[in-house]
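Novice: To start, I am sharing the structure in question, which I have written as structure tokens.
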Amino acid sequence: MNAAAPVRGTWDKVEFYTSYFLLIVLATVIGMRLSFDTVWQMPTVDLVLSVIALLLVVGSFWFARHSRRLRLWIIAFASATQLIPMVIRQPVLLFPLLGALIPVAILVGCLVALSKKSANVRPPQGS
């Protein structure tokens, strides 16, 4: 009769904080990469893509604050603009990136498990 209602918002909180953390990290990495352009010249394509990605990442804190889909697309685009040109120029960099997929897959699995965990379930108390 009084069945436990599904907890809503758990995944939203996990995704919200994770995506904002990723956006902060991406803004930092892209900003540092652009600041190093004054010392080591980047190819023009990389420079243009990095500027666009930085503008999107910084702007997403305002215009994508209510859209999960838009935040995830911006994260994917900004990551791709940093990784794809690098791998095209130096294909050997693909191996460490493939190795980095292991902890990323573990993290995604943990986030999915957290999103499905019910808040009403309490762990057993130790004696």
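Scheme for the structure tokens: letters A, B, ... for chains in order shown; per-chain residue numbers from 1; ligand numbers from 1 in order shown.
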If you count only C-alpha atoms, which residues fall within 12 Å of A:Gly59, apart from same-chain ones fewer than 2 positions away, as a PDB file with all heavy atoms, in the first residue's frame?

Specialist:
```
ATOM      1  N   LEU A  23      33.655  20.590 -16.957  1.00  0.00           N
ATOM      2  CA  LEU A  23      33.729  21.876 -17.637  1.00  0.00           C
ATOM      3  C   LEU A  23      34.835  22.755 -17.048  1.00  0.00           C
ATOM      4  O   LEU A  23      35.549  23.438 -17.783  1.00  0.00           O
ATOM      5  CB  LEU A  23      32.379  22.592 -17.568  1.00  0.00           C
ATOM      6  CG  LEU A  23      31.281  22.019 -18.453  1.00  0.00           C
ATOM      7  CD1 LEU A  23      29.934  22.637 -18.100  1.00  0.00           C
ATOM      8  CD2 LEU A  23      31.608  22.226 -19.913  1.00  0.00           C
ATOM      9  N   ILE A  24      34.992  22.728 -15.737  1.00  0.00           N
ATOM     10  CA  ILE A  24      36.067  23.505 -15.100  1.00  0.00           C
ATOM     11  C   ILE A  24      37.429  22.974 -15.528  1.00  0.00           C
ATOM     12  O   ILE A  24      38.330  23.748 -15.863  1.00  0.00           O
ATOM     13  CB  ILE A  24      35.909  23.491 -13.569  1.00  0.00           C
ATOM     14  CG1 ILE A  24      34.678  24.306 -13.152  1.00  0.00           C
ATOM     15  CG2 ILE A  24      37.149  24.025 -12.881  1.00  0.00           C
ATOM     16  CD1 ILE A  24      34.275  24.135 -11.707  1.00  0.00           C
ATOM     17  N   ALA A  27      38.019  23.958 -19.184  1.00  0.00           N
ATOM     18  CA  ALA A  27      38.350  25.383 -19.300  1.00  0.00           C
ATOM     19  C   ALA A  27      39.785  25.634 -18.869  1.00  0.00           C
ATOM     20  O   ALA A  27      40.509  26.420 -19.505  1.00  0.00           O
ATOM     21  CB  ALA A  27      37.383  26.221 -18.469  1.00  0.00           C
ATOM     22  N   VAL A  51      39.880  28.184 -29.316  1.00  0.00           N
ATOM     23  CA  VAL A  51      39.178  29.416 -28.924  1.00  0.00           C
ATOM     24  C   VAL A  51      37.672  29.177 -28.916  1.00  0.00           C
ATOM     25  O   VAL A  51      36.972  29.577 -27.970  1.00  0.00           O
ATOM     26  CB  VAL A  51      39.566  30.587 -29.854  1.00  0.00           C
ATOM     27  CG1 VAL A  51      38.645  31.772 -29.648  1.00  0.00           C
ATOM     28  CG2 VAL A  51      41.008  30.982 -29.624  1.00  0.00           C
ATOM     29  N   ILE A  52      37.159  28.497 -29.941  1.00  0.00           N
ATOM     30  CA  ILE A  52      35.728  28.193 -29.995  1.00  0.00           C
ATOM     31  C   ILE A  52      35.333  27.300 -28.816  1.00  0.00           C
ATOM     32  O   ILE A  52      34.316  27.540 -28.154  1.00  0.00           O
ATOM     33  CB  ILE A  52      35.361  27.535 -31.341  1.00  0.00           C
ATOM     34  CG1 ILE A  52      35.509  28.531 -32.480  1.00  0.00           C
ATOM     35  CG2 ILE A  52      33.946  26.967 -31.314  1.00  0.00           C
ATOM     36  CD1 ILE A  52      35.410  27.919 -33.853  1.00  0.00           C
ATOM     37  N   ALA A  53      36.146  26.281 -28.548  1.00  0.00           N
ATOM     38  CA  ALA A  53      35.849  25.373 -27.438  1.00  0.00           C
ATOM     39  C   ALA A  53      35.877  26.105 -26.103  1.00  0.00           C
ATOM     40  O   ALA A  53      35.010  25.886 -25.252  1.00  0.00           O
ATOM     41  CB  ALA A  53      36.846  24.211 -27.431  1.00  0.00           C
ATOM     42  N   LEU A  54      36.851  27.000 -25.909  1.00  0.00           N
ATOM     43  CA  LEU A  54      36.930  27.744 -24.651  1.00  0.00           C
ATOM     44  C   LEU A  54      35.719  28.657 -24.487  1.00  0.00           C
ATOM     45  O   LEU A  54      35.141  28.752 -23.397  1.00  0.00           O
ATOM     46  CB  LEU A  54      38.225  28.544 -24.576  1.00  0.00           C
ATOM     47  CG  LEU A  54      38.458  29.280 -23.255  1.00  0.00           C
ATOM     48  CD1 LEU A  54      38.578  28.293 -22.103  1.00  0.00           C
ATOM     49  CD2 LEU A  54      39.697  30.143 -23.337  1.00  0.00           C
ATOM     50  N   LEU A  55      35.316  29.322 -25.550  1.00  0.00           N
ATOM     51  CA  LEU A  55      34.134  30.181 -25.480  1.00  0.00           C
ATOM     52  C   LEU A  55      32.877  29.374 -25.154  1.00  0.00           C
ATOM     53  O   LEU A  55      32.044  29.796 -24.341  1.00  0.00           O
ATOM     54  CB  LEU A  55      33.948  30.949 -26.788  1.00  0.00           C
ATOM     55  CG  LEU A  55      34.991  32.027 -27.085  1.00  0.00           C
ATOM     56  CD1 LEU A  55      34.766  32.609 -28.473  1.00  0.00           C
ATOM     57  CD2 LEU A  55      34.959  33.108 -26.025  1.00  0.00           C
ATOM     58  N   LEU A  56      32.742  28.198 -25.770  1.00  0.00           N
ATOM     59  CA  LEU A  56      31.590  27.346 -25.477  1.00  0.00           C
ATOM     60  C   LEU A  56      31.607  26.843 -24.035  1.00  0.00           C
ATOM     61  O   LEU A  56      30.573  26.830 -23.363  1.00  0.00           O
ATOM     62  CB  LEU A  56      31.550  26.161 -26.439  1.00  0.00           C
ATOM     63  CG  LEU A  56      30.996  26.417 -27.812  1.00  0.00           C
ATOM     64  CD1 LEU A  56      31.161  25.186 -28.695  1.00  0.00           C
ATOM     65  CD2 LEU A  56      29.536  26.803 -27.731  1.00  0.00           C
ATOM     66  N   VAL A  57      32.784  26.418 -23.564  1.00  0.00           N
ATOM     67  CA  VAL A  57      32.885  25.896 -22.204  1.00  0.00           C
ATOM     68  C   VAL A  57      32.573  26.983 -21.186  1.00  0.00           C
ATOM     69  O   VAL A  57      31.797  26.773 -20.245  1.00  0.00           O
ATOM     70  CB  VAL A  57      34.285  25.273 -21.957  1.00  0.00           C
ATOM     71  CG1 VAL A  57      34.516  25.012 -20.488  1.00  0.00           C
ATOM     72  CG2 VAL A  57      34.434  23.991 -22.742  1.00  0.00           C
ATOM     73  N   PHE A  61      28.404  27.652 -18.664  1.00  0.00           N
ATOM     74  CA  PHE A  61      28.018  27.855 -17.268  1.00  0.00           C
ATOM     75  C   PHE A  61      26.759  28.717 -17.182  1.00  0.00           C
ATOM     76  O   PHE A  61      26.026  28.642 -16.206  1.00  0.00           O
ATOM     77  CB  PHE A  61      29.155  28.498 -16.472  1.00  0.00           C
ATOM     78  CG  PHE A  61      30.302  27.564 -16.227  1.00  0.00           C
ATOM     79  CD1 PHE A  61      31.481  27.705 -16.932  1.00  0.00           C
ATOM     80  CD2 PHE A  61      30.193  26.546 -15.313  1.00  0.00           C
ATOM     81  CE1 PHE A  61      32.535  26.851 -16.718  1.00  0.00           C
ATOM     82  CE2 PHE A  61      31.238  25.676 -15.093  1.00  0.00           C
ATOM     83  CZ  PHE A  61      32.414  25.826 -15.796  1.00  0.00           C
ATOM     84  N   TRP A  62      26.510  29.510 -18.232  1.00  0.00           N
ATOM     85  CA  TRP A  62      25.305  30.333 -18.235  1.00  0.00           C
ATOM     86  C   TRP A  62      24.208  29.741 -19.115  1.00  0.00           C
ATOM     87  O   TRP A  62      23.111  29.486 -18.657  1.00  0.00           O
ATOM     88  CB  TRP A  62      25.629  31.756 -18.706  1.00  0.00           C
ATOM     89  CG  TRP A  62      24.415  32.618 -18.713  1.00  0.00           C
ATOM     90  CD1 TRP A  62      23.773  33.154 -17.644  1.00  0.00           C
ATOM     91  CD2 TRP A  62      23.658  32.990 -19.864  1.00  0.00           C
ATOM     92  NE1 TRP A  62      22.674  33.840 -18.049  1.00  0.00           N
ATOM     93  CE2 TRP A  62      22.572  33.771 -19.418  1.00  0.00           C
ATOM     94  CE3 TRP A  62      23.793  32.750 -21.216  1.00  0.00           C
ATOM     95  CZ2 TRP A  62      21.639  34.301 -20.277  1.00  0.00           C
ATOM     96  CZ3 TRP A  62      22.860  33.290 -22.075  1.00  0.00           C
ATOM     97  CH2 TRP A  62      21.801  34.059 -21.594  1.00  0.00           C
ATOM     98  N   PHE A  63      24.511  29.465 -20.401  1.00  0.00           N
ATOM     99  CA  PHE A  63      23.432  29.085 -21.304  1.00  0.00           C
ATOM    100  C   PHE A  63      23.108  27.595 -21.301  1.00  0.00           C
ATOM    101  O   PHE A  63      22.096  27.191 -21.861  1.00  0.00           O
ATOM    102  CB  PHE A  63      23.671  29.582 -22.745  1.00  0.00           C
ATOM    103  CG  PHE A  63      24.842  28.971 -23.443  1.00  0.00           C
ATOM    104  CD1 PHE A  63      24.760  27.741 -24.032  1.00  0.00           C
ATOM    105  CD2 PHE A  63      26.043  29.667 -23.535  1.00  0.00           C
ATOM    106  CE1 PHE A  63      25.832  27.185 -24.698  1.00  0.00           C
ATOM    107  CE2 PHE A  63      27.117  29.132 -24.196  1.00  0.00           C
ATOM    108  CZ  PHE A  63      27.010  27.887 -24.778  1.00  0.00           C
ATOM    109  N   ALA A  64      23.919  26.759 -20.667  1.00  0.00           N
ATOM    110  CA  ALA A  64      23.608  25.324 -20.601  1.00  0.00           C
ATOM    111  C   ALA A  64      23.366  24.874 -19.167  1.00  0.00           C
ATOM    112  O   ALA A  64      23.443  23.694 -18.869  1.00  0.00           O
ATOM    113  CB  ALA A  64      24.745  24.518 -21.228  1.00  0.00           C
ATOM    114  N   ARG A  65      23.056  25.805 -18.292  1.00  0.00           N
ATOM    115  CA  ARG A  65      22.903  25.435 -16.887  1.00  0.00           C
ATOM    116  C   ARG A  65      21.655  24.596 -16.632  1.00  0.00           C
ATOM    117  O   ARG A  65      21.593  23.883 -15.646  1.00  0.00           O
ATOM    118  CB  ARG A  65      22.913  26.671 -16.011  1.00  0.00           C
ATOM    119  CG  ARG A  65      21.765  27.605 -16.225  1.00  0.00           C
ATOM    120  CD  ARG A  65      21.870  28.837 -15.335  1.00  0.00           C
ATOM    121  NE  ARG A  65      20.789  29.756 -15.600  1.00  0.00           N
ATOM    122  CZ  ARG A  65      20.858  30.794 -16.396  1.00  0.00           C
ATOM    123  NH1 ARG A  65      22.006  31.054 -16.999  1.00  0.00           N
ATOM    124  NH2 ARG A  65      19.829  31.567 -16.597  1.00  0.00           N
ATOM    125  N   LEU A  70      22.910  19.636 -23.611  1.00  0.00           N
ATOM    126  CA  LEU A  70      23.796  20.662 -24.148  1.00  0.00           C
ATOM    127  C   LEU A  70      25.149  20.659 -23.432  1.00  0.00           C
ATOM    128  O   LEU A  70      26.199  20.784 -24.068  1.00  0.00           O
ATOM    129  CB  LEU A  70      23.128  22.038 -24.044  1.00  0.00           C
ATOM    130  CG  LEU A  70      23.811  23.192 -24.766  1.00  0.00           C
ATOM    131  CD1 LEU A  70      24.010  22.879 -26.239  1.00  0.00           C
ATOM    132  CD2 LEU A  70      22.990  24.457 -24.598  1.00  0.00           C
ATOM    133  N   ARG A  71      25.141  20.483 -22.102  1.00  0.00           N
ATOM    134  CA  ARG A  71      26.407  20.407 -21.357  1.00  0.00           C
ATOM    135  C   ARG A  71      27.247  19.228 -21.833  1.00  0.00           C
ATOM    136  O   ARG A  71      28.456  19.354 -22.025  1.00  0.00           O
ATOM    137  CB  ARG A  71      26.138  20.272 -19.850  1.00  0.00           C
ATOM    138  CG  ARG A  71      25.939  21.562 -19.145  1.00  0.00           C
ATOM    139  CD  ARG A  71      26.013  21.403 -17.645  1.00  0.00           C
ATOM    140  NE  ARG A  71      25.222  20.328 -17.097  1.00  0.00           N
ATOM    141  CZ  ARG A  71      23.972  20.448 -16.659  1.00  0.00           C
ATOM    142  NH1 ARG A  71      23.364  21.607 -16.722  1.00  0.00           N
ATOM    143  NH2 ARG A  71      23.338  19.407 -16.157  1.00  0.00           N
ATOM    144  N   ILE A  74      28.746  19.926 -25.244  1.00  0.00           N
ATOM    145  CA  ILE A  74      29.859  20.879 -25.153  1.00  0.00           C
ATOM    146  C   ILE A  74      31.105  20.186 -24.614  1.00  0.00           C
ATOM    147  O   ILE A  74      32.216  20.410 -25.106  1.00  0.00           O
ATOM    148  CB  ILE A  74      29.460  22.099 -24.294  1.00  0.00           C
ATOM    149  CG1 ILE A  74      28.435  22.935 -25.057  1.00  0.00           C
ATOM    150  CG2 ILE A  74      30.668  22.938 -23.928  1.00  0.00           C
ATOM    151  CD1 ILE A  74      27.804  24.038 -24.238  1.00  0.00           C
ATOM    152  N   ILE A  75      30.944  19.328 -23.613  1.00  0.00           N
ATOM    153  CA  ILE A  75      32.082  18.576 -23.079  1.00  0.00           C
ATOM    154  C   ILE A  75      32.682  17.690 -24.163  1.00  0.00           C
ATOM    155  O   ILE A  75      33.907  17.634 -24.331  1.00  0.00           O
ATOM    156  CB  ILE A  75      31.659  17.753 -21.855  1.00  0.00           C
ATOM    157  CG1 ILE A  75      31.373  18.674 -20.665  1.00  0.00           C
ATOM    158  CG2 ILE A  75      32.722  16.726 -21.483  1.00  0.00           C
ATOM    159  CD1 ILE A  75      30.700  17.989 -19.496  1.00  0.00           C
TER     160      ILE A  75
END
```

Novice: I need the residues of chain A that end up classed as helix (DSSP H, G or I) by DSSP on the backbone, written out as a PyMOL selection string.

Specialist: chain A and resi 10-38+44-63+68-89+91-116

Novice: Let me see the file: selected residues, C-alpha atoms, as a CSV table (one decimal), in the first residue's frame.

Specialist:
```
chain,number,residue,atom,x,y,z
A,10,THR,CA,19.8,11.3,-7.6
A,11,TRP,CA,21.2,11.0,-11.1
A,12,ASP,CA,20.6,14.7,-11.7
A,13,LYS,CA,22.9,15.7,-8.8
A,14,VAL,CA,25.6,13.2,-9.8
A,15,GLU,CA,25.5,14.4,-13.4
A,16,PHE,CA,25.3,18.0,-12.5
A,17,TYR,CA,28.4,18.1,-10.3
A,18,THR,CA,30.3,15.8,-12.6
A,19,SER,CA,29.6,17.8,-15.7
A,20,TYR,CA,30.4,21.1,-14.0
A,21,PHE,CA,33.7,19.6,-12.7
A,22,LEU,CA,34.5,18.4,-16.3
A,23,LEU,CA,33.7,21.9,-17.6
A,24,ILE,CA,36.1,23.5,-15.1
A,25,VAL,CA,38.8,21.1,-16.0
A,26,LEU,CA,38.3,21.6,-19.7
A,27,ALA,CA,38.3,25.4,-19.3
A,28,THR,CA,41.6,25.1,-17.3
A,29,VAL,CA,43.3,22.8,-19.9
A,30,ILE,CA,42.2,24.8,-22.9
A,31,GLY,CA,43.1,28.1,-21.2
A,32,MET,CA,46.6,26.8,-20.4
A,33,ARG,CA,47.0,25.5,-23.9
A,34,LEU,CA,46.0,28.8,-25.4
A,35,SER,CA,48.4,30.7,-23.0
A,36,PHE,CA,51.3,28.5,-24.1
A,37,ASP,CA,50.5,29.6,-27.7
A,38,THR,CA,52.5,32.8,-26.9
A,44,THR,CA,45.9,27.8,-37.0
A,45,VAL,CA,43.2,25.1,-37.0
A,46,ASP,CA,44.1,24.1,-33.4
A,47,LEU,CA,44.0,27.7,-32.3
A,48,VAL,CA,40.6,28.4,-33.9
A,49,LEU,CA,39.1,25.2,-32.5
A,50,SER,CA,40.5,25.9,-29.0
A,51,VAL,CA,39.2,29.4,-28.9
A,52,ILE,CA,35.7,28.2,-30.0
A,53,ALA,CA,35.8,25.4,-27.4
A,54,LEU,CA,36.9,27.7,-24.7
A,55,LEU,CA,34.1,30.2,-25.5
A,56,LEU,CA,31.6,27.3,-25.5
A,57,VAL,CA,32.9,25.9,-22.2
A,58,VAL,CA,32.9,29.2,-20.4
A,59,GLY,CA,29.6,30.2,-21.9
A,60,SER,CA,28.0,26.9,-20.9
A,61,PHE,CA,28.0,27.9,-17.3
A,62,TRP,CA,25.3,30.3,-18.2
A,63,PHE,CA,23.4,29.1,-21.3
A,68,ARG,CA,22.1,18.3,-19.5
A,69,ARG,CA,22.2,17.4,-23.2
A,70,LEU,CA,23.8,20.7,-24.1
A,71,ARG,CA,26.4,20.4,-21.4
A,72,LEU,CA,27.4,16.9,-22.4
A,73,TRP,CA,27.6,18.0,-26.1
A,74,ILE,CA,29.9,20.9,-25.2
A,75,ILE,CA,32.1,18.6,-23.1
A,76,ALA,CA,32.3,16.1,-26.0
A,77,PHE,CA,33.1,18.9,-28.5
A,78,ALA,CA,35.7,20.6,-26.3
A,79,SER,CA,37.4,17.2,-25.6
A,80,ALA,CA,37.4,16.3,-29.3
A,81,THR,CA,38.9,19.6,-30.3
A,82,GLN,CA,41.8,19.0,-28.0
A,83,LEU,CA,42.4,15.3,-28.7
A,84,ILE,CA,41.7,14.6,-32.4
A,85,PRO,CA,44.2,17.1,-33.9
A,86,MET,CA,46.9,15.8,-31.5
A,87,VAL,CA,46.2,12.1,-32.4
A,88,ILE,CA,46.1,13.0,-36.2
A,89,ARG,CA,49.6,14.6,-36.0
A,91,PRO,CA,49.2,8.6,-34.0
A,92,VAL,CA,51.3,7.0,-31.3
A,93,LEU,CA,49.4,9.1,-28.8
A,94,LEU,CA,46.4,6.9,-29.4
A,95,PHE,CA,47.8,4.1,-27.2
A,96,PRO,CA,47.9,6.1,-23.9
A,97,LEU,CA,44.4,7.5,-24.7
A,98,LEU,CA,43.1,3.9,-25.2
A,99,GLY,CA,44.7,3.0,-21.9
A,100,ALA,CA,43.0,6.0,-20.2
A,101,LEU,CA,39.6,4.6,-21.3
A,102,ILE,CA,39.9,1.9,-18.5
A,103,PRO,CA,39.6,4.3,-15.6
A,104,VAL,CA,37.0,6.4,-17.5
A,105,ALA,CA,34.9,3.2,-18.1
A,106,ILE,CA,35.2,2.4,-14.3
A,107,LEU,CA,34.1,6.0,-13.5
A,108,VAL,CA,31.1,5.8,-15.8
A,109,GLY,CA,30.1,2.5,-14.3
A,110,CYS,CA,30.3,3.9,-10.8
A,111,LEU,CA,28.3,7.0,-11.8
A,112,VAL,CA,25.6,4.7,-13.3
A,113,ALA,CA,25.5,2.6,-10.2
A,114,LEU,CA,25.2,5.7,-8.0
A,115,SER,CA,22.4,6.9,-10.2
A,116,LYS,CA,20.4,3.7,-9.7
```
